[in-house]
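This is structure_34.txt. It holds compact mmCIF, C-alpha atoms and all ligand atoms.
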```txt
# COMPACT_ATOMS: atom_id res chain seq x y z
CA MET O 966 25.45 122.78 112.65
CA LYS O 967 27.31 124.91 110.14
CA SER O 968 28.42 128.39 111.19
CA VAL O 969 27.53 131.17 108.78
CA ALA O 970 28.40 134.84 108.19
CA VAL O 971 26.30 137.05 105.91
CA ILE O 972 28.14 140.00 104.39
CA GLY O 973 25.65 142.70 103.37
CA CYS O 974 22.65 141.41 105.34
CA THR O 975 20.54 144.55 104.87
CA GLY O 976 20.08 144.44 101.09
CA SER O 977 17.77 142.44 98.87
CA ILE O 978 19.94 139.30 98.68
CA GLY O 979 21.08 139.68 102.29
CA SER O 980 17.50 139.83 103.57
CA GLN O 981 16.46 136.83 101.49
CA THR O 982 19.52 134.93 102.72
CA LEU O 983 18.48 135.60 106.32
CA ASP O 984 14.97 134.48 105.46
CA VAL O 985 16.34 131.14 104.20
CA LEU O 986 18.70 130.76 107.16
CA SER O 987 15.94 131.53 109.67
CA ARG O 988 13.95 128.59 108.30
CA HIS O 989 16.84 126.15 108.76
CA GLN O 990 18.14 127.04 112.22
CA ASP O 991 18.60 123.33 112.91
CA VAL O 992 21.30 123.24 110.20
CA PHE O 993 22.83 126.74 110.17
CA ASP O 994 24.13 128.78 113.06
CA VAL O 995 24.30 132.45 111.97
CA ARG O 996 27.27 133.97 113.83
CA LEU O 997 27.87 137.25 111.99
CA ILE O 998 25.82 139.65 109.91
CA THR O 999 27.23 142.83 108.38
CA CYS O 1000 25.97 146.04 106.83
CA PHE O 1001 27.42 149.29 105.56
CA ARG O 1002 25.22 152.19 106.74
CA ASN O 1003 21.88 150.61 107.61
CA ILE O 1004 22.72 149.82 111.25
CA SER O 1005 19.10 149.83 112.44
CA LYS O 1006 18.08 147.17 109.91
CA ALA O 1007 21.11 145.05 110.81
CA LYS O 1008 20.14 145.25 114.48
CA GLU O 1009 16.58 144.28 113.62
CA ASN O 1010 17.88 141.32 111.59
CA ALA O 1011 20.03 140.21 114.52
CA LEU O 1012 16.96 139.62 116.70
CA ILE O 1013 16.15 136.41 114.79
CA PHE O 1014 19.47 134.67 115.50
CA PRO O 1015 20.54 133.90 119.09
CA ASN O 1016 24.36 133.75 118.61
CA VAL O 1017 24.87 136.51 116.11
CA ARG O 1018 27.28 139.50 116.18
CA ILE O 1019 26.79 142.60 114.05
CA ALA O 1020 29.43 144.51 112.12
CA THR O 1021 29.63 147.43 109.75
CA HIS O 1022 32.12 147.73 106.88
CA ASP O 1023 32.05 151.49 107.26
CA ASN O 1024 35.25 152.55 109.05
CA SER O 1025 33.84 156.01 109.67
CA GLN O 1026 31.37 154.62 112.22
CA GLU O 1027 33.91 154.11 114.99
CA SER O 1028 31.52 155.39 117.65
CA LEU O 1029 29.59 152.14 117.25
CA PHE O 1030 32.36 150.26 119.06
CA ASN O 1031 30.54 151.23 122.24
CA GLN O 1032 27.40 149.49 121.06
CA ASP O 1033 29.05 146.06 120.86
CA MET O 1034 29.41 146.30 117.10
CA MET O 1035 32.48 145.44 115.10
CA VAL O 1036 33.67 148.13 112.73
CA GLY O 1037 35.69 147.75 109.53
CA ASP O 1038 36.70 144.95 107.16
CA GLN O 1039 39.69 143.85 109.24
CA ALA O 1040 37.53 143.24 112.33
CA ILE O 1041 35.13 141.24 110.16
CA ILE O 1042 37.93 139.17 108.64
CA ASP O 1043 39.44 138.50 112.09
CA PHE O 1044 36.07 137.40 113.46
CA ILE O 1045 35.49 134.96 110.59
CA ILE O 1046 38.95 133.45 110.95
CA THR O 1047 39.13 133.20 114.74
CA ASN O 1048 35.61 131.82 115.06
CA HIS O 1049 36.18 129.23 112.31
CA ILE O 1050 33.14 130.33 110.33
CA GLN O 1051 32.39 127.64 107.76
CA ILE O 1052 30.10 129.36 105.24
CA VAL O 1053 30.27 133.02 104.18
CA VAL O 1054 27.55 134.53 102.01
CA ILE O 1055 28.67 137.61 100.08
CA ALA O 1056 25.53 139.67 99.47
CA SER O 1057 27.21 143.07 99.42
CA SER O 1058 26.84 145.33 96.39
CA SER O 1059 30.35 146.69 96.87
CA ILE O 1060 33.24 145.75 94.62
CA GLU O 1061 35.55 146.49 97.59
CA THR O 1062 34.35 143.22 99.15
CA THR O 1063 36.74 141.44 96.76
CA SER O 1064 39.70 141.88 99.14
CA LEU O 1065 37.69 140.55 102.06
CA VAL O 1066 36.71 137.44 100.05
CA HIS O 1067 40.33 136.68 99.25
CA SER O 1068 41.41 137.20 102.87
CA ILE O 1069 38.90 134.71 104.27
CA LEU O 1070 38.98 132.15 101.44
CA PRO O 1071 41.73 129.90 102.91
CA TYR O 1072 39.92 129.68 106.27
CA VAL O 1073 36.33 128.83 105.29
CA ASP O 1074 34.64 125.84 103.66
CA LYS O 1075 32.38 127.70 101.28
CA VAL O 1076 31.81 131.22 99.94
CA ALA O 1077 28.42 131.81 98.32
CA ILE O 1078 28.73 134.96 96.19
CA SER O 1079 25.92 137.05 94.75
CA SER O 1080 28.20 140.02 94.05
CA LYS O 1081 28.90 139.66 90.34
CA GLU O 1082 31.57 142.36 90.46
CA VAL O 1083 33.65 140.39 92.99
CA ILE O 1084 33.74 137.40 90.63
CA ILE O 1085 34.69 139.57 87.64
CA VAL O 1086 37.48 141.45 89.44
CA THR O 1087 38.89 138.16 90.69
CA GLY O 1088 38.73 136.54 87.25
CA SER O 1089 40.01 139.52 85.36
CA LEU O 1090 43.01 139.97 87.66
CA GLY O 1091 43.89 136.30 87.27
CA LEU O 1092 43.22 135.53 90.95
CA VAL O 1093 41.06 132.43 90.38
CA SER O 1094 42.95 129.72 92.26
CA SER O 1095 42.10 126.03 92.62
CA GLU O 1096 40.90 126.87 96.14
CA TRP O 1097 38.57 129.55 94.70
CA LYS O 1098 37.14 127.04 92.21
CA GLU O 1099 36.59 124.49 94.92
CA LYS O 1100 34.96 126.81 97.48
CA VAL O 1101 33.05 129.49 95.56
CA LEU O 1102 29.41 129.00 94.63
CA PRO O 1103 27.31 131.48 92.66
CA VAL O 1104 24.17 133.07 94.09
CA ASP O 1105 22.69 134.42 90.90
CA SER O 1106 19.70 132.73 89.31
CA GLU O 1107 21.31 132.14 85.90
CA HIS O 1108 24.64 130.97 87.32
CA ALA O 1109 23.03 128.74 89.91
CA ALA O 1110 21.07 127.28 86.97
CA ILE O 1111 24.26 126.71 84.95
CA HIS O 1112 25.94 125.21 88.01
CA GLN O 1113 23.08 122.72 88.37
CA LEU O 1114 22.96 121.88 84.67
CA LEU O 1115 26.71 121.31 84.43
CA ARG O 1116 26.37 118.56 87.03
CA TYR O 1117 24.59 116.55 84.35
CA ALA O 1118 26.83 117.30 81.37
CA GLU O 1119 30.20 116.34 79.94
CA ARG O 1120 31.98 119.54 78.90
CA GLU O 1121 32.91 118.33 75.42
CA THR O 1122 29.29 117.54 74.58
CA ILE O 1123 28.11 121.15 75.10
CA GLN O 1124 27.58 123.44 72.13
CA GLN O 1125 26.28 126.56 73.87
CA VAL O 1126 25.33 127.93 77.26
CA VAL O 1127 22.31 130.23 77.11
CA LEU O 1128 21.56 132.76 79.83
CA THR O 1129 18.09 134.21 79.86
CA ALA O 1130 17.37 137.90 80.47
CA SER O 1131 14.01 139.17 81.60
CA GLY O 1132 14.58 142.28 79.51
CA GLY O 1133 13.65 144.47 82.48
CA PRO O 1134 10.84 147.02 82.13
CA PHE O 1135 11.71 148.05 78.55
CA TYR O 1136 13.39 145.27 76.55
CA SER O 1137 10.73 142.76 77.62
CA GLN O 1138 8.29 144.78 75.49
CA GLN O 1139 7.95 144.42 71.74
CA PRO O 1140 8.51 146.87 70.20
CA VAL O 1141 10.93 148.37 72.74
CA PRO O 1142 9.52 151.76 73.84
CA ASP O 1143 11.28 155.05 73.17
CA LEU O 1144 14.03 155.24 75.80
CA THR O 1145 14.94 158.92 75.34
CA HIS O 1146 13.09 160.23 78.39
CA ILE O 1147 13.31 157.32 80.84
CA THR O 1148 13.49 158.55 84.44
CA PRO O 1149 15.13 156.69 87.35
CA SER O 1150 11.73 155.85 88.85
CA LEU O 1151 10.55 154.25 85.58
CA ALA O 1152 13.78 152.28 85.20
CA LEU O 1153 13.52 151.06 88.80
CA LYS O 1154 10.20 149.27 88.13
CA HIS O 1155 11.30 145.72 87.34
CA PRO O 1156 8.52 143.43 86.09
CA THR O 1157 9.68 140.12 87.64
CA TRP O 1158 12.40 140.65 90.30
CA GLN O 1159 12.63 142.76 93.47
CA MET O 1160 16.28 143.82 93.71
CA GLY O 1161 18.65 146.57 94.87
CA LYS O 1162 18.77 149.78 92.80
CA LYS O 1163 22.04 149.17 90.95
CA VAL O 1164 21.14 145.71 89.66
CA THR O 1165 17.60 146.88 88.77
CA ILE O 1166 18.98 149.65 86.55
CA ASP O 1167 21.44 147.14 85.07
CA SER O 1168 18.49 144.92 84.18
CA ALA O 1169 16.73 147.83 82.51
CA THR O 1170 19.78 148.69 80.35
CA LEU O 1171 20.64 144.99 79.80
CA VAL O 1172 24.16 145.69 81.09
CA ASN O 1173 23.29 143.14 83.78
CA LYS O 1174 23.41 140.45 81.09
CA GLY O 1175 26.78 141.70 79.90
CA ILE O 1176 28.03 141.50 83.48
CA GLU O 1177 26.54 138.02 83.84
CA LEU O 1178 28.30 136.76 80.70
CA LEU O 1179 31.59 137.90 82.22
CA GLU O 1180 30.61 136.21 85.48
CA ALA O 1181 29.75 132.94 83.67
CA HIS O 1182 33.07 133.01 81.84
CA TYR O 1183 35.08 133.28 85.06
CA LEU O 1184 32.93 130.91 87.11
CA PHE O 1185 32.74 128.07 84.61
CA ASP O 1186 35.70 128.60 82.24
CA LEU O 1187 33.33 129.16 79.32
CA PRO O 1188 34.82 130.85 76.24
CA PRO O 1189 32.91 133.86 74.78
CA GLU O 1190 31.85 131.91 71.68
CA MET O 1191 29.96 129.41 73.85
CA LEU O 1192 27.97 132.08 75.67
CA GLN O 1193 24.61 133.27 74.44
CA VAL O 1194 21.81 135.48 75.77
CA VAL O 1195 18.13 135.39 74.98
CA ILE O 1196 15.36 137.63 76.30
CA HIS O 1197 12.72 135.61 78.13
CA PRO O 1198 10.31 138.05 79.82
CA GLN O 1199 8.71 135.60 82.28
CA SER O 1200 12.00 134.69 84.11
CA ILE O 1201 10.95 131.03 84.45
CA ILE O 1202 13.81 129.47 82.48
CA HIS O 1203 17.06 130.70 84.02
CA ALA O 1204 19.63 129.04 81.78
CA MET O 1205 19.91 126.36 79.11
CA LEU O 1206 22.62 124.00 77.94
CA GLN O 1207 22.48 123.16 74.27
CA PHE O 1208 24.29 119.98 73.39
CA LYS O 1209 26.05 119.11 70.17
CA ASP O 1210 23.50 116.35 69.59
CA GLY O 1211 20.69 118.93 69.35
CA SER O 1212 19.27 118.36 72.82
CA THR O 1213 18.62 121.28 75.23
CA LEU O 1214 18.53 121.06 79.01
CA SER O 1215 17.08 123.92 81.05
CA GLN O 1216 16.59 124.85 84.69
CA MET O 1217 13.21 126.35 85.54
CA ALA O 1218 11.68 127.90 88.61
CA TYR O 1219 9.47 130.84 89.42
CA PRO O 1220 11.58 133.94 90.05
CA ASP O 1221 12.54 133.65 93.73
CA MET O 1222 16.16 134.27 94.77
CA ARG O 1223 15.69 132.11 97.85
CA LEU O 1224 16.11 129.04 95.63
CA PRO O 1225 19.64 129.86 94.35
CA ILE O 1226 20.53 131.04 97.87
CA ALA O 1227 19.40 127.75 99.43
CA TYR O 1228 21.04 125.77 96.61
CA ALA O 1229 24.41 127.36 97.44
CA LEU O 1230 23.96 127.00 101.20
CA PHE O 1231 23.07 123.29 101.03
CA TYR O 1232 25.28 122.27 98.10
CA PRO O 1233 26.26 119.48 97.38
CA GLU O 1234 23.04 118.29 98.98
CA ARG O 1235 19.50 119.14 97.98
CA THR O 1236 16.94 119.51 100.67
CA ASP O 1237 13.20 120.14 101.07
CA LEU O 1238 12.37 123.82 100.62
CA PRO O 1239 8.63 123.98 101.43
CA TYR O 1240 8.61 127.78 101.05
CA ILE O 1241 9.62 127.57 97.36
CA THR O 1242 6.62 127.18 95.07
CA PRO O 1243 7.35 124.55 92.43
CA ILE O 1244 6.17 125.22 88.89
CA ASP O 1245 2.52 124.27 88.59
CA THR O 1246 2.38 121.82 85.69
CA GLN O 1247 -1.44 122.10 85.60
CA ALA O 1248 -1.25 125.81 84.95
CA PHE O 1249 2.07 125.99 83.19
CA PRO O 1250 3.16 129.61 82.84
CA MET O 1251 3.65 131.04 79.40
CA CYS O 1252 7.29 130.93 78.33
CA SER O 1253 8.36 133.03 75.40
CA PHE O 1254 11.59 134.24 73.89
CA VAL O 1255 12.17 137.55 72.19
CA HIS O 1256 14.30 136.97 69.15
CA LYS O 1257 17.41 138.74 70.31
CA GLN O 1258 20.84 137.21 70.52
CA ALA O 1259 23.80 138.54 72.48
CA SER O 1260 25.33 140.01 69.35
CA ASP O 1261 22.14 142.06 68.69
CA ILE O 1262 22.27 143.78 72.08
CA PRO O 1263 25.03 146.43 71.96
CA VAL O 1264 25.89 146.48 75.70
CA VAL O 1265 26.02 142.67 75.78
CA ALA O 1266 28.11 142.53 72.60
CA LEU O 1267 30.45 145.04 74.26
CA ALA O 1268 30.86 142.74 77.27
CA LEU O 1269 31.79 139.88 74.92
CA GLU O 1270 34.31 142.19 73.22
CA CYS O 1271 35.80 142.93 76.65
CA LEU O 1272 36.05 139.23 77.30
CA ARG O 1273 37.89 138.63 74.03
CA GLU O 1274 40.13 141.61 74.80
CA SER O 1275 40.59 140.29 78.34
CA GLY O 1276 43.15 142.13 80.52
CA LEU O 1277 41.48 144.98 82.35
CA SER O 1278 38.52 145.39 80.02
CA PRO O 1279 36.01 143.34 82.07
CA ILE O 1280 36.81 145.32 85.24
CA TRP O 1281 36.63 148.52 83.27
CA TYR O 1282 33.20 147.48 81.99
CA VAL O 1283 31.76 146.88 85.48
CA LEU O 1284 33.30 149.97 87.06
CA THR O 1285 32.26 152.23 84.19
CA ASP O 1286 28.74 150.89 84.54
CA GLU O 1287 28.77 151.44 88.31
CA ILE O 1288 29.70 155.10 87.80
CA ALA O 1289 27.25 155.55 84.92
CA VAL O 1290 24.35 154.09 86.94
CA GLU O 1291 25.13 156.36 89.87
CA ALA O 1292 25.23 159.36 87.50
CA PHE O 1293 21.88 158.32 85.98
CA LEU O 1294 20.24 157.87 89.42
CA ASN O 1295 21.51 161.35 90.35
CA GLN O 1296 20.11 162.65 87.05
CA LYS O 1297 23.55 163.67 85.78
CA ILE O 1298 23.24 161.61 82.57
CA ARG O 1299 20.26 160.22 80.67
CA PHE O 1300 19.22 156.55 80.56
CA VAL O 1301 20.46 155.95 77.00
CA GLN O 1302 23.77 157.61 77.87
CA ILE O 1303 24.67 154.73 80.21
CA ALA O 1304 25.34 152.56 77.14
CA ASP O 1305 26.97 155.46 75.26
CA PHE O 1306 29.32 156.16 78.15
CA LEU O 1307 30.20 152.46 78.44
CA ARG O 1308 31.36 152.39 74.82
CA TYR O 1309 33.18 155.74 75.19
CA SER O 1310 34.99 154.62 78.34
CA ILE O 1311 36.03 151.21 76.99
CA GLU O 1312 37.51 152.89 73.90
CA LYS O 1313 39.68 155.08 76.14
CA LEU O 1314 41.03 152.18 78.20
CA PRO O 1315 44.15 151.26 76.16
CA THR O 1316 45.49 154.81 76.40
CA LEU O 1317 45.05 154.88 80.18
CA TYR O 1318 46.64 151.62 81.27
CA SER O 1319 49.30 149.39 79.89
CA VAL O 1320 46.98 146.47 80.44
CA ARG O 1321 49.18 143.49 79.87
CA SER O 1322 52.02 144.71 82.06
CA LEU O 1323 49.73 145.25 85.02
CA SER O 1324 50.08 142.81 87.88
CA ILE O 1325 47.95 143.26 90.97
CA ASP O 1326 48.02 140.98 93.94
CA GLN O 1327 45.28 140.46 96.49
CA LYS O 1328 46.52 143.26 98.76
CA GLY O 1329 46.56 145.82 95.98
CA ILE O 1330 42.97 145.26 94.83
CA SER O 1331 41.36 148.12 96.76
CA ILE O 1332 44.02 150.68 95.76
CA PHE O 1333 43.72 149.59 92.17
CA ILE O 1334 39.90 149.84 92.18
CA HIS O 1335 40.15 153.33 93.67
CA ASP O 1336 42.56 154.36 90.91
CA VAL O 1337 40.36 152.92 88.14
CA ARG O 1338 37.29 154.70 89.58
CA GLN O 1339 39.10 158.04 89.60
CA ASN O 1340 40.10 157.60 85.95
CA ILE O 1341 36.55 156.71 84.95
CA GLN O 1342 35.14 159.70 86.87
CA ARG O 1343 37.48 161.93 84.83
CA LEU O 1344 36.23 160.27 81.64
CA LEU O 1345 32.64 160.92 82.70
CA ILE O 1346 33.40 164.64 82.98
CA GLN O 1347 34.91 164.61 79.46
CA PHE O 1348 31.98 162.59 78.12
CA LYS O 1349 29.43 165.01 79.57
CA LYS O 1350 31.26 167.97 78.01
CA GLN O 1351 31.24 166.24 74.63
CA VAL O 1352 27.53 165.38 74.65
CA ALA O 1353 26.42 168.73 76.16
N1 LIG D 1 18.86 141.45 94.28
C1 LIG D 1 18.90 140.41 93.48
O1 LIG D 1 17.88 139.75 93.19
C2 LIG D 1 20.23 139.96 92.90
C3 LIG D 1 20.26 138.85 92.07
C4 LIG D 1 21.48 138.39 91.62
C5 LIG D 1 22.66 139.03 91.97
N2 LIG D 1 22.60 140.14 92.75
C6 LIG D 1 23.85 140.80 93.13
O2 LIG D 1 23.97 140.75 94.55
C7 LIG D 1 24.65 141.92 95.04
C8 LIG D 1 23.75 142.60 96.07
O3 LIG D 1 22.57 143.02 95.40
P1 LIG D 1 21.31 143.57 96.19
O4 LIG D 1 20.24 143.71 95.17
O5 LIG D 1 21.06 142.72 97.39
O6 LIG D 1 21.85 145.02 96.62
P2 LIG D 1 21.25 146.02 97.70
O7 LIG D 1 19.84 145.67 98.00
O8 LIG D 1 21.55 147.37 97.21
O9 LIG D 1 22.11 145.70 99.02
C9 LIG D 1 23.48 146.01 99.07
C10 LIG D 1 24.11 145.48 100.35
O10 LIG D 1 25.52 145.79 100.32
C11 LIG D 1 25.85 146.57 101.48
N3 LIG D 1 26.91 147.51 101.13
C12 LIG D 1 26.79 148.71 100.50
N4 LIG D 1 28.00 149.29 100.38
C13 LIG D 1 28.89 148.47 100.97
C14 LIG D 1 30.30 148.53 101.19
N5 LIG D 1 31.05 149.56 100.76
N6 LIG D 1 30.89 147.48 101.82
C15 LIG D 1 30.16 146.43 102.23
N7 LIG D 1 28.83 146.33 102.08
C16 LIG D 1 28.20 147.33 101.44
C17 LIG D 1 24.55 147.27 101.86
O11 LIG D 1 24.61 147.69 103.22
P3 LIG D 1 23.70 148.92 103.77
O12 LIG D 1 22.27 148.53 103.48
O13 LIG D 1 23.99 148.98 105.19
O14 LIG D 1 24.12 150.14 103.01
C18 LIG D 1 23.55 146.14 101.61
O15 LIG D 1 23.58 145.22 102.67
C19 LIG D 1 24.93 142.79 93.79
O16 LIG D 1 26.23 142.53 93.36
C20 LIG D 1 23.92 142.28 92.77
O17 LIG D 1 24.35 142.46 91.44
C21 LIG D 1 21.41 140.61 93.24
```

Represent the structure contained in this file as structure tokens.
Amino acid sequence: MKSVAVIGCTGSIGSQTLDVLSRHQDVFDVRLITCFRNISKAKENALIFPNVRIATHDNSQESLFNQDMMVGDQAIIDFIITNHIQIVVIASSSIETTSLVHSILPYVDKVAISSKEVIIVTGSLGLVSSEWKEKVLPVDSEHAAIHQLLRYAERETIQQVVLTASGGPFYSQQPVPDLTHITPSLALKHPTWQMGKKVTIDSATLVNKGIELLEAHYLFDLPPEMLQVVIHPQSIIHAMLQFKDGSTLSQMAYPDMRLPIAYALFYPERTDLPYITPIDTQAFPMCSFVHKQASDIPVVALALECLRESGLSPIWYVLTDEIAVEAFLNQKIRFVQIADFLRYSIEKLPTLYSVRSLSIDQKGISIFIHDVRQNIQRLLIQFKKQVA
């Protein structure tokens, strides 16, 4: 039996992780599940697992101590370490989880991470250690696909790594509809995936693919010139490796996050997953590509620019997007202004931080993120004044 903790059990990835774990209770012993505010859902989730404890990351909920709940990141970290938890799944949408990941890393066997932002902050701050490389596994369909494909490839034989993008509700259409009056409810209707709000909006703007390129760079040491994006509306092909000899290898599956979750949980083994529907070769789904390359998609091209720039730019990209998405959901900016604000904010970065001289260790991550957020919030106010 392997002991498991699920950080962020109440969200889309967290719930699907618990679904997978509940089907393999002979292999995994779920010892801890955490949430932020959705205590009732966490308690409901706990009913499935006999040995589980519940915790919230929200320090303001101290009254919950009385209800046998752990409160705060430090209590969660202490529980994982003292109980020798072997596998930790990071399904939280919060960038703050980065510090927690680094605190537990030396004590666990494996960390399966869906939180793209955690990977980017770690990579961008130069905190990818050999231990990180050995223990961290991606829980993202494209990156799980790349991880699988790389098991069958010699690095020097690869020409390009292609990530597919569904295109979300708008870019999957040809021609792309007029985006001037897109409301949050329209942007939240994803054609192929059921996900949390933030990542759904990111899919609609295509910023998600920019974020995923950054993620792929830090996870697999892939230089920007090897990374490519193509829009593939059916979300059947998740990634492709193109070899120098002209051959292309792809990973395919119907869109179901339980597959990359199970892949990470069981890795390096593969096991029977009867609840995953394999692709029906008798009724093979249509697979098409929209002729768009990374360089044709401005927000994706901007992510590649950030990667070439390196330093703080990748963190700045993800945190600017986080603030822009929140502003859009609260109807403070328009849909198309998410991309405009990203460009505006990135251009201001060099004047705000002396990037190269910055050195942040693991302990300083949260303070640093707080500081960056405050600066970006100020930029948003300036941006709104300019476009008003
Ligand atoms: N959904 C997908 O299909 C998918 C695919 C690939 C990658 N991802 C990535 O996976 C991550 C989670 O996505 P999601 O769609 O599952 O998001 P989600 O449905 O919005 O769930 C977010 C989870 O994070 C918790 N959380 C919120 N604020 C927190 C904080 N400050 N500290 C700790 N935990 C906090 C939430 O707890 P409460 O519910 O209690 O607030 C919830 O459990 C994101 O980084 C996303 O980009 C998602």

Check your understanding: Rounded to one decimal in Å, what is the spacing between atom CA of O:His1182 and atom CA of O:Val1194?
Key ->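 Separation between atom CA of O:His1182 and atom CA of O:Val1194: 13.0 Å.
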
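With all atoms listed in the file as the atoms that count, the residue of O:Arg996, O:Val1195, O:Glu1177, O:Ile1004 with the shortest distance to O:Asp1261 is O:Val1195.
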
Review point. From the set O:Arg988, O:Arg1299, O:Arg1235, O:His1155, which residue has the shortest atom-to-atom contact distance to ligand LIG 1 (chain D), counting all atoms listed in the file?
Key: O:His1155

Check your understanding: Near stretch 976-980 of chain O, within 7 Å and counting only C-alpha atoms, which residues show up once chain neighbours fewer than 6 positions away are dropped, as a ChimeraX atom specification?
Key -> /O:1056,1160-1161

Point to revise | Atom-to-atom span, atom CA of O:Phe1044 and atom C17 of ligand LIG 1 (chain D), Å | key: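 Distance between the two atoms: 19.1 Å.
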
Exercise for review: Measuring atom to atom with all atoms listed in the file, identify which of O:Asp1286, O:Asp1143, O:Glu1119, O:Asp1043 is nearest to ligand LIG 1 (chain D).
Suggested key: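 Looking at the shortest contact to ligand LIG 1 (chain D), the residue is O:Asp1286.
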
Quick one: contact table of chain O to ligand LIG 1 (chain D), 6 Å max, nearest atom pair and distance in Å to one decimal per residue, counting only C-alpha atoms and all ligand atoms, chain and number order, as a Markdown table?
```
| residue | atom | partner | partner_atom | distance |
| --- | --- | --- | --- | --- |
| O:Gly973 | CA | D:LIG1 | O15 | 3.3 |
| O:Cys974 | CA | D:LIG1 | O15 | 4.7 |
| O:Thr975 | CA | D:LIG1 | O15 | 3.8 |
| O:Gly976 | CA | D:LIG1 | O9 | 3.2 |
| O:Ser977 | CA | D:LIG1 | O5 | 3.6 |
| O:Ile978 | CA | D:LIG1 | O5 | 3.8 |
| O:Gly979 | CA | D:LIG1 | O5 | 5.8 |
| O:Cys1000 | CA | D:LIG1 | O13 | 3.9 |
| O:Phe1001 | CA | D:LIG1 | O13 | 3.5 |
| O:Arg1002 | CA | D:LIG1 | O13 | 3.8 |
| O:Asn1003 | CA | D:LIG1 | O13 | 3.6 |
| O:His1022 | CA | D:LIG1 | C15 | 5.2 |
| O:Ala1056 | CA | D:LIG1 | C8 | 4.8 |
| O:Ser1057 | CA | D:LIG1 | O10 | 3.3 |
| O:Ser1058 | CA | D:LIG1 | C19 | 4.1 |
| O:Ser1059 | CA | D:LIG1 | C14 | 4.7 |
| O:Ser1079 | CA | D:LIG1 | O2 | 4.2 |
| O:Ser1080 | CA | D:LIG1 | O16 | 3.3 |
| O:Lys1081 | CA | D:LIG1 | O16 | 4.9 |
| O:Asp1105 | CA | D:LIG1 | C4 | 4.2 |
| O:Met1160 | CA | D:LIG1 | N1 | 3.5 |
| O:Gly1161 | CA | D:LIG1 | O4 | 3.3 |
| O:Lys1162 | CA | D:LIG1 | O8 | 5.7 |
| O:Val1164 | CA | D:LIG1 | O17 | 4.9 |
| O:Met1222 | CA | D:LIG1 | O1 | 6.0 |
```

Revision key, fill the gap. Correct to one decimal, the distance atom CA of O:Val1255-atom CA of O:Ser1310 is 29.2 Å

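Excluding O:Val1076 itself and same-chain residues fewer than 2 positions from it, the residues having an atom within 7 Å of it are Ile1052, Val1053, Val1054, Ile1078, Lys1100, Val1101 and Leu1102 of chain O, counting all atoms listed in the file.
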
Using all atoms of stretch 982-1000 of chain O that appear in the file, construct an axis-aligned enclosing box with 6 Å of padding on every side and provide its centre coordinates and edge lengths in Å, rounded to one decimal, as AutoDock Vina command-line options.
```
--center_x 20.9 --center_y 134.6 --center_z 108.3 --size_x 25.9 --size_y 34.8 --size_z 23.1
```

Using all atoms listed in the file, which protein or nucleic acid residues come within 12 Å of O:Gly1211? Drop anything in the same chain fewer than 4 positions from it, and give the result as an mmCIF file with C-alpha atoms, in the coordinates of the input.
```cif
data_model
loop_
_atom_site.group_PDB
_atom_site.id
_atom_site.type_symbol
_atom_site.label_atom_id
_atom_site.label_comp_id
_atom_site.auth_asym_id
_atom_site.auth_seq_id
_atom_site.Cartn_x
_atom_site.Cartn_y
_atom_site.Cartn_z
ATOM 1 C CA THR O 1122 29.290 117.540 74.580
ATOM 2 C CA ILE O 1123 28.110 121.150 75.100
ATOM 3 C CA GLN O 1124 27.580 123.440 72.130
ATOM 4 C CA GLN O 1125 26.280 126.560 73.870
ATOM 5 C CA LEU O 1206 22.620 124.000 77.940
ATOM 6 C CA GLN O 1207 22.480 123.160 74.270
#
```

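Of the residues under consideration (O:Thr1236, O:Gln1039, O:Gln1193, O:Gln990), O:Gln1193 shows the shortest atom-to-atom contact distance to O:Gln1258 when counting only C-alpha atoms.
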
Point to revise | Closest of O:Tyr1117, O:Tyr1183, O:Phe1208, O:Phe1254 to O:Ser1131 - atom-to-atom distances counting all atoms listed in the file | key: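 Among the listed residues, O:Phe1254 lies closest to O:Ser1131.
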
Practice item. Can you pull out every residue within 12 Å of O:Met1205, counting only C-alpha atoms, but drop anything in the same chain fewer than 6 positions away, and send it as a PyMOL selection string? Key: chain O and resi 1107-1115+1118+1123-1130+1191-1195+1197+1212-1217

Point to revise | Test item: residues at most 6 Å from stretch 1167-1170 of chain O, all atoms listed in the file, excluding those fewer than 6 positions along its chain, as a list in words | key: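 Near stretch 1167-1170 of chain O, the qualifying residues are Gly1133, Pro1134 and Ala1152 of chain O.
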
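Here the question is which of O:Pro1015, O:Ile1176, O:Ile1280, O:Phe1185 gets nearest to O:Trp1097 using only C-alpha atoms, and that residue is O:Phe1185.
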